[in-house]
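In what follows, a structure is listed as structure tokens, so that the remarks can point back to it.
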Amino acid sequence: MILFCIFAKTKHEIMKLKAVITGDIIRSTDIELAHRQLLLSTIENVTKQLESYSPMKLQFFRGDSFQIVLEDISNAAAVTIMLRAALKSATPQDEQLWDARVALGVGTIDFESGDVVTSDGEAFRLSGRGLDNMKGQSFGVFTPWKDTNDELELTSLFVDKLITGWKKNQAAVIFYSIGMGMTQIEIATIMNTSQQNVSRLLGTASESFVIRYINRYHQIIERNTEQ
């Protein structure tokens with residue numbers, strides 16, 4: 001795997017830091033009813049497939065919105081990006097590419113109920129307000145640390161622009177490569193294409209930049225939780 005899980009136990013336990021992804025499906029009313037279950041299943045499957053990154057809990061609300069609580073804040077950016085990649089790659093042939101606006105909030109959680117959407121705390125507020133305040137973008141990171149927010153703001157905009165521009169096959173190879181840790185040969189077999197084509201798709205999808213962003217986010221979170 002490209003990422004390494006960091007467990008700053010004392011700091012995490014004291015502050016009870018968690019990550020919350022709040023998202024809503026873009027142009028959800030345009031999605032055919034026949035494909036609605038596939039859409040929801042795709043999001044559910046992503047949370048299961050990426051549990052190696054972090055234990056997480058998902059809940060849908062208002063039909064086209066969802067929240068995911070992640071225990072490991074250091075891998076939360078990777079999960080958020082892979083969620084959008086998975087949605088795009090799962091889009092049926094006769095539909096516009098699926099996507100979601102997603103806001104990643106990192107912070108404390110003061111109250112955890114049996115339902116994700118009725119829990120509360122800093123992480124929920126940062127994520128929810130972040131999504132509400134995002135204008136003209138579909139990905140943002142919001143933390144309690146101003147210097148972190150300042151550093152990630154511009155790079156998150158670049159990553160968002162990349163993700164928004166991914167076509168279905170580009171999103172698929174990114175998900176398999178970064179999300180699932182597959183080799184180019186393994187991806188080529190799954191997608192019934194050549195290794196050369198997989199390499200080309202990863203290049204046009206700017207995989208190296210996405211990896212650098214994810215790893216930088218990881219380093220910043222590690223730095224903050226070890227202080």
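Chain identifiers are assigned as A, B, and so on, following the order in which chains appear in the structure tokens; residues are numbered from 1 within each chain, and ligands are numbered from 1 in order of appearance.
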Give me every alpha helix (DSSP H) residue in segment 66-135 of chain A, going by DSSP on the backbone, as a PDB file with C-alpha atoms, in the first residue's frame.
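The resulting file, out.pdb, is reproduced below:
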```pdb
ATOM      1  CA  ALA A  76      -9.225  10.250   5.702  1.00  0.00           C
ATOM      2  CA  ALA A  77      -8.138  12.240   2.643  1.00  0.00           C
ATOM      3  CA  ALA A  78      -7.348   9.041   0.751  1.00  0.00           C
ATOM      4  CA  VAL A  79     -10.786   7.602   1.561  1.00  0.00           C
ATOM      5  CA  THR A  80     -12.529  10.841   0.527  1.00  0.00           C
ATOM      6  CA  ILE A  81     -10.778  10.950  -2.837  1.00  0.00           C
ATOM      7  CA  MET A  82     -11.274   7.240  -3.480  1.00  0.00           C
ATOM      8  CA  LEU A  83     -14.994   7.634  -2.800  1.00  0.00           C
ATOM      9  CA  ARG A  84     -15.308  10.060  -5.699  1.00  0.00           C
ATOM     10  CA  ALA A  85     -13.146   7.831  -7.907  1.00  0.00           C
ATOM     11  CA  ALA A  86     -15.375   4.851  -7.142  1.00  0.00           C
ATOM     12  CA  LEU A  87     -18.557   6.777  -7.922  1.00  0.00           C
ATOM     13  CA  LYS A  88     -17.249   7.917 -11.301  1.00  0.00           C
ATOM     14  CA  SER A  89     -15.989   4.443 -12.222  1.00  0.00           C
ATOM     15  CA  GLU A 122     -16.260  19.592  16.158  1.00  0.00           C
ATOM     16  CA  ALA A 123     -15.571  17.140  13.308  1.00  0.00           C
ATOM     17  CA  PHE A 124     -19.265  17.054  12.341  1.00  0.00           C
ATOM     18  CA  ARG A 125     -19.576  20.840  12.468  1.00  0.00           C
ATOM     19  CA  LEU A 126     -16.429  21.443  10.433  1.00  0.00           C
ATOM     20  CA  SER A 127     -17.512  18.931   7.803  1.00  0.00           C
ATOM     21  CA  GLY A 128     -21.131  20.069   7.580  1.00  0.00           C
ATOM     22  CA  ARG A 129     -20.379  23.783   7.526  1.00  0.00           C
ATOM     23  CA  GLY A 130     -17.505  23.185   5.145  1.00  0.00           C
ATOM     24  CA  LEU A 131     -19.848  21.529   2.663  1.00  0.00           C
ATOM     25  CA  ASP A 132     -22.410  24.301   3.018  1.00  0.00           C
ATOM     26  CA  ASN A 133     -19.778  26.981   2.425  1.00  0.00           C
TER      27      ASN A 133
END
```
*Quick one: residues within 8 Å of segment 28-43 of chain A, only C-alpha atoms counted, chain neighbours fewer than 3 positions away excluded, as a list in words?*
Ile25, Val46, Thr47, Asp64, Leu83, Ala86, Leu87, Ala90, Pro92 and Glu95 of chain A
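Reported to one decimal place, the separation of atom CA of Leu162 of chain A from atom CA of Thr189 of chain A is 25.3 Å.
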*Which of these residues is nearest to Asp99 of chain A, using only C-alpha atoms: A:Ile21, A:Ala172, A:Ile26, A:Ile178?*
A:Ile26
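From atom CA of Val106 of chain A back to atom CA of Ser54 of chain A, the distance works out to 13.9 Å.
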_Would you pick out the contacts of Lys18 of chain A at 9 Å or less, using only C-alpha atoms, so that residues sharing its chain but fewer than 5 positions from it are not included, and give the list as number ranges by chain?_
A: 12, 69-73, 105-109, 123
_DSSP strand (DSSP E) selection over segment 53-178 of chain A, as a list in words_ = Met56, Lys57, Leu58, Gln59, Phe60, Phe61, Ser65, Phe66, Gln67, Ile68, Val69, Leu70, Ala100, Arg101, Val102, Ala103, Leu104, Gly105, Val106, Gly107, Thr108, Phe139, Gly140, Val141 and Phe142 of chain A
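Across the structure, atom CA of Ile190 of chain A and atom CA of Phe175 of chain A are spaced 12.3 Å apart.
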*asked:* So, with only C-alpha atoms as the atoms that count, which of A:Leu152, A:Met191, A:Leu58, A:Ala171 lies closest to Ile220 of chain A?
replied: A:Leu152
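For Met134 of chain A, the list of residues within 10 Å, based on only C-alpha atoms and with local chain neighbours fewer than 4 positions off taken out, reads A:Arg101, A:Val102, A:Ala103, A:Arg129, A:Gly130, A:Ser138, A:Phe139, A:Gly140.
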*Can you pull out every residue within 10 Å of Val210 of chain A, counting only C-alpha atoms, but drop anything in the same chain fewer than 5 positions away, and send it as a ChimeraX atom specification?*
/A:78,81,155-156,158-160,162-163,174,178,205,215-216
Write out the residues from the selection above, keeping all heavy atoms, as a short mmCIF file (atom, residue, chain, number, x, y, z; two decimals), in the first residue's frame.
```
data_model
loop_
_atom_site.label_atom_id
_atom_site.label_comp_id
_atom_site.auth_asym_id
_atom_site.auth_seq_id
_atom_site.Cartn_x
_atom_site.Cartn_y
_atom_site.Cartn_z
N ALA A 78 -7.38 10.12 1.74
CA ALA A 78 -7.35 9.04 0.75
C ALA A 78 -8.74 8.44 0.56
O ALA A 78 -9.19 8.22 -0.58
CB ALA A 78 -6.36 7.96 1.17
N ILE A 81 -11.08 10.90 -1.41
CA ILE A 81 -10.78 10.95 -2.84
C ILE A 81 -11.18 9.66 -3.53
O ILE A 81 -11.75 9.68 -4.63
CB ILE A 81 -9.28 11.24 -3.06
CG1 ILE A 81 -8.95 12.66 -2.56
CG2 ILE A 81 -8.90 11.10 -4.53
CD1 ILE A 81 -7.47 12.96 -2.51
N THR A 155 -4.00 23.35 -2.59
CA THR A 155 -3.74 22.03 -3.17
C THR A 155 -5.03 21.21 -3.27
O THR A 155 -5.19 20.43 -4.22
CB THR A 155 -2.69 21.26 -2.36
OG1 THR A 155 -3.04 21.28 -0.97
CG2 THR A 155 -1.32 21.86 -2.55
N SER A 156 -5.94 21.41 -2.33
CA SER A 156 -7.22 20.71 -2.41
C SER A 156 -8.02 21.16 -3.62
O SER A 156 -8.72 20.36 -4.26
CB SER A 156 -8.05 20.94 -1.13
OG SER A 156 -7.41 20.38 0.00
N PHE A 158 -6.70 22.12 -6.47
CA PHE A 158 -6.08 21.46 -7.61
C PHE A 158 -6.53 20.01 -7.72
O PHE A 158 -6.85 19.52 -8.80
CB PHE A 158 -4.56 21.54 -7.52
CG PHE A 158 -3.99 22.82 -8.04
CD1 PHE A 158 -3.49 23.79 -7.17
CD2 PHE A 158 -3.95 23.09 -9.40
CE1 PHE A 158 -2.96 24.98 -7.65
CE2 PHE A 158 -3.42 24.28 -9.90
CZ PHE A 158 -2.93 25.22 -9.01
N VAL A 159 -6.54 19.30 -6.58
CA VAL A 159 -6.98 17.91 -6.57
C VAL A 159 -8.43 17.81 -7.00
O VAL A 159 -8.81 16.92 -7.78
CB VAL A 159 -6.78 17.27 -5.18
CG1 VAL A 159 -7.47 15.91 -5.09
CG2 VAL A 159 -5.30 17.11 -4.88
N ASP A 160 -9.25 18.71 -6.51
CA ASP A 160 -10.67 18.72 -6.89
C ASP A 160 -10.82 18.90 -8.40
O ASP A 160 -11.64 18.22 -9.04
CB ASP A 160 -11.39 19.85 -6.14
CG ASP A 160 -12.86 19.94 -6.51
OD1 ASP A 160 -13.50 18.89 -6.72
OD2 ASP A 160 -13.37 21.08 -6.60
N LEU A 162 -8.70 18.05 -10.69
CA LEU A 162 -8.28 16.80 -11.33
C LEU A 162 -9.41 15.76 -11.27
O LEU A 162 -9.75 15.14 -12.28
CB LEU A 162 -7.04 16.23 -10.63
CG LEU A 162 -5.70 16.89 -10.92
CD1 LEU A 162 -4.62 16.24 -10.07
CD2 LEU A 162 -5.36 16.77 -12.39
N ILE A 163 -9.96 15.57 -10.07
CA ILE A 163 -11.01 14.56 -9.89
C ILE A 163 -12.21 14.88 -10.77
O ILE A 163 -12.78 13.99 -11.41
CB ILE A 163 -11.44 14.48 -8.42
CG1 ILE A 163 -10.26 14.06 -7.54
CG2 ILE A 163 -12.60 13.49 -8.25
CD1 ILE A 163 -10.54 14.16 -6.06
N ILE A 174 -7.36 4.82 -11.02
CA ILE A 174 -6.93 5.49 -9.79
C ILE A 174 -7.43 4.72 -8.57
O ILE A 174 -6.69 4.50 -7.61
CB ILE A 174 -7.44 6.94 -9.75
CG1 ILE A 174 -6.66 7.81 -10.75
CG2 ILE A 174 -7.34 7.52 -8.35
CD1 ILE A 174 -5.23 8.10 -10.36
N ILE A 178 -4.46 3.33 -6.31
CA ILE A 178 -4.26 3.97 -5.00
C ILE A 178 -5.13 3.32 -3.93
O ILE A 178 -4.65 2.99 -2.85
CB ILE A 178 -4.54 5.48 -5.08
CG1 ILE A 178 -3.60 6.15 -6.09
CG2 ILE A 178 -4.40 6.12 -3.71
CD1 ILE A 178 -3.85 7.64 -6.27
N ALA A 205 -4.47 10.83 -15.59
CA ALA A 205 -5.25 11.14 -14.38
C ALA A 205 -4.39 11.80 -13.30
O ALA A 205 -4.89 12.14 -12.23
CB ALA A 205 -5.88 9.87 -13.83
N ASN A 215 -0.18 11.90 0.63
CA ASN A 215 0.93 11.72 1.56
C ASN A 215 1.25 13.00 2.33
O ASN A 215 1.62 12.95 3.51
CB ASN A 215 2.18 11.23 0.81
CG ASN A 215 2.06 9.77 0.39
OD1 ASN A 215 1.27 9.03 0.95
ND2 ASN A 215 2.84 9.38 -0.60
N ARG A 216 1.10 14.15 1.67
CA ARG A 216 1.33 15.41 2.37
C ARG A 216 0.27 15.63 3.44
O ARG A 216 0.59 16.06 4.56
CB ARG A 216 1.34 16.58 1.37
CG ARG A 216 1.60 17.93 2.03
CD ARG A 216 2.90 17.94 2.79
NE ARG A 216 3.12 19.19 3.49
CZ ARG A 216 3.89 19.31 4.57
NH1 ARG A 216 4.51 18.25 5.08
NH2 ARG A 216 4.05 20.49 5.15
#
```
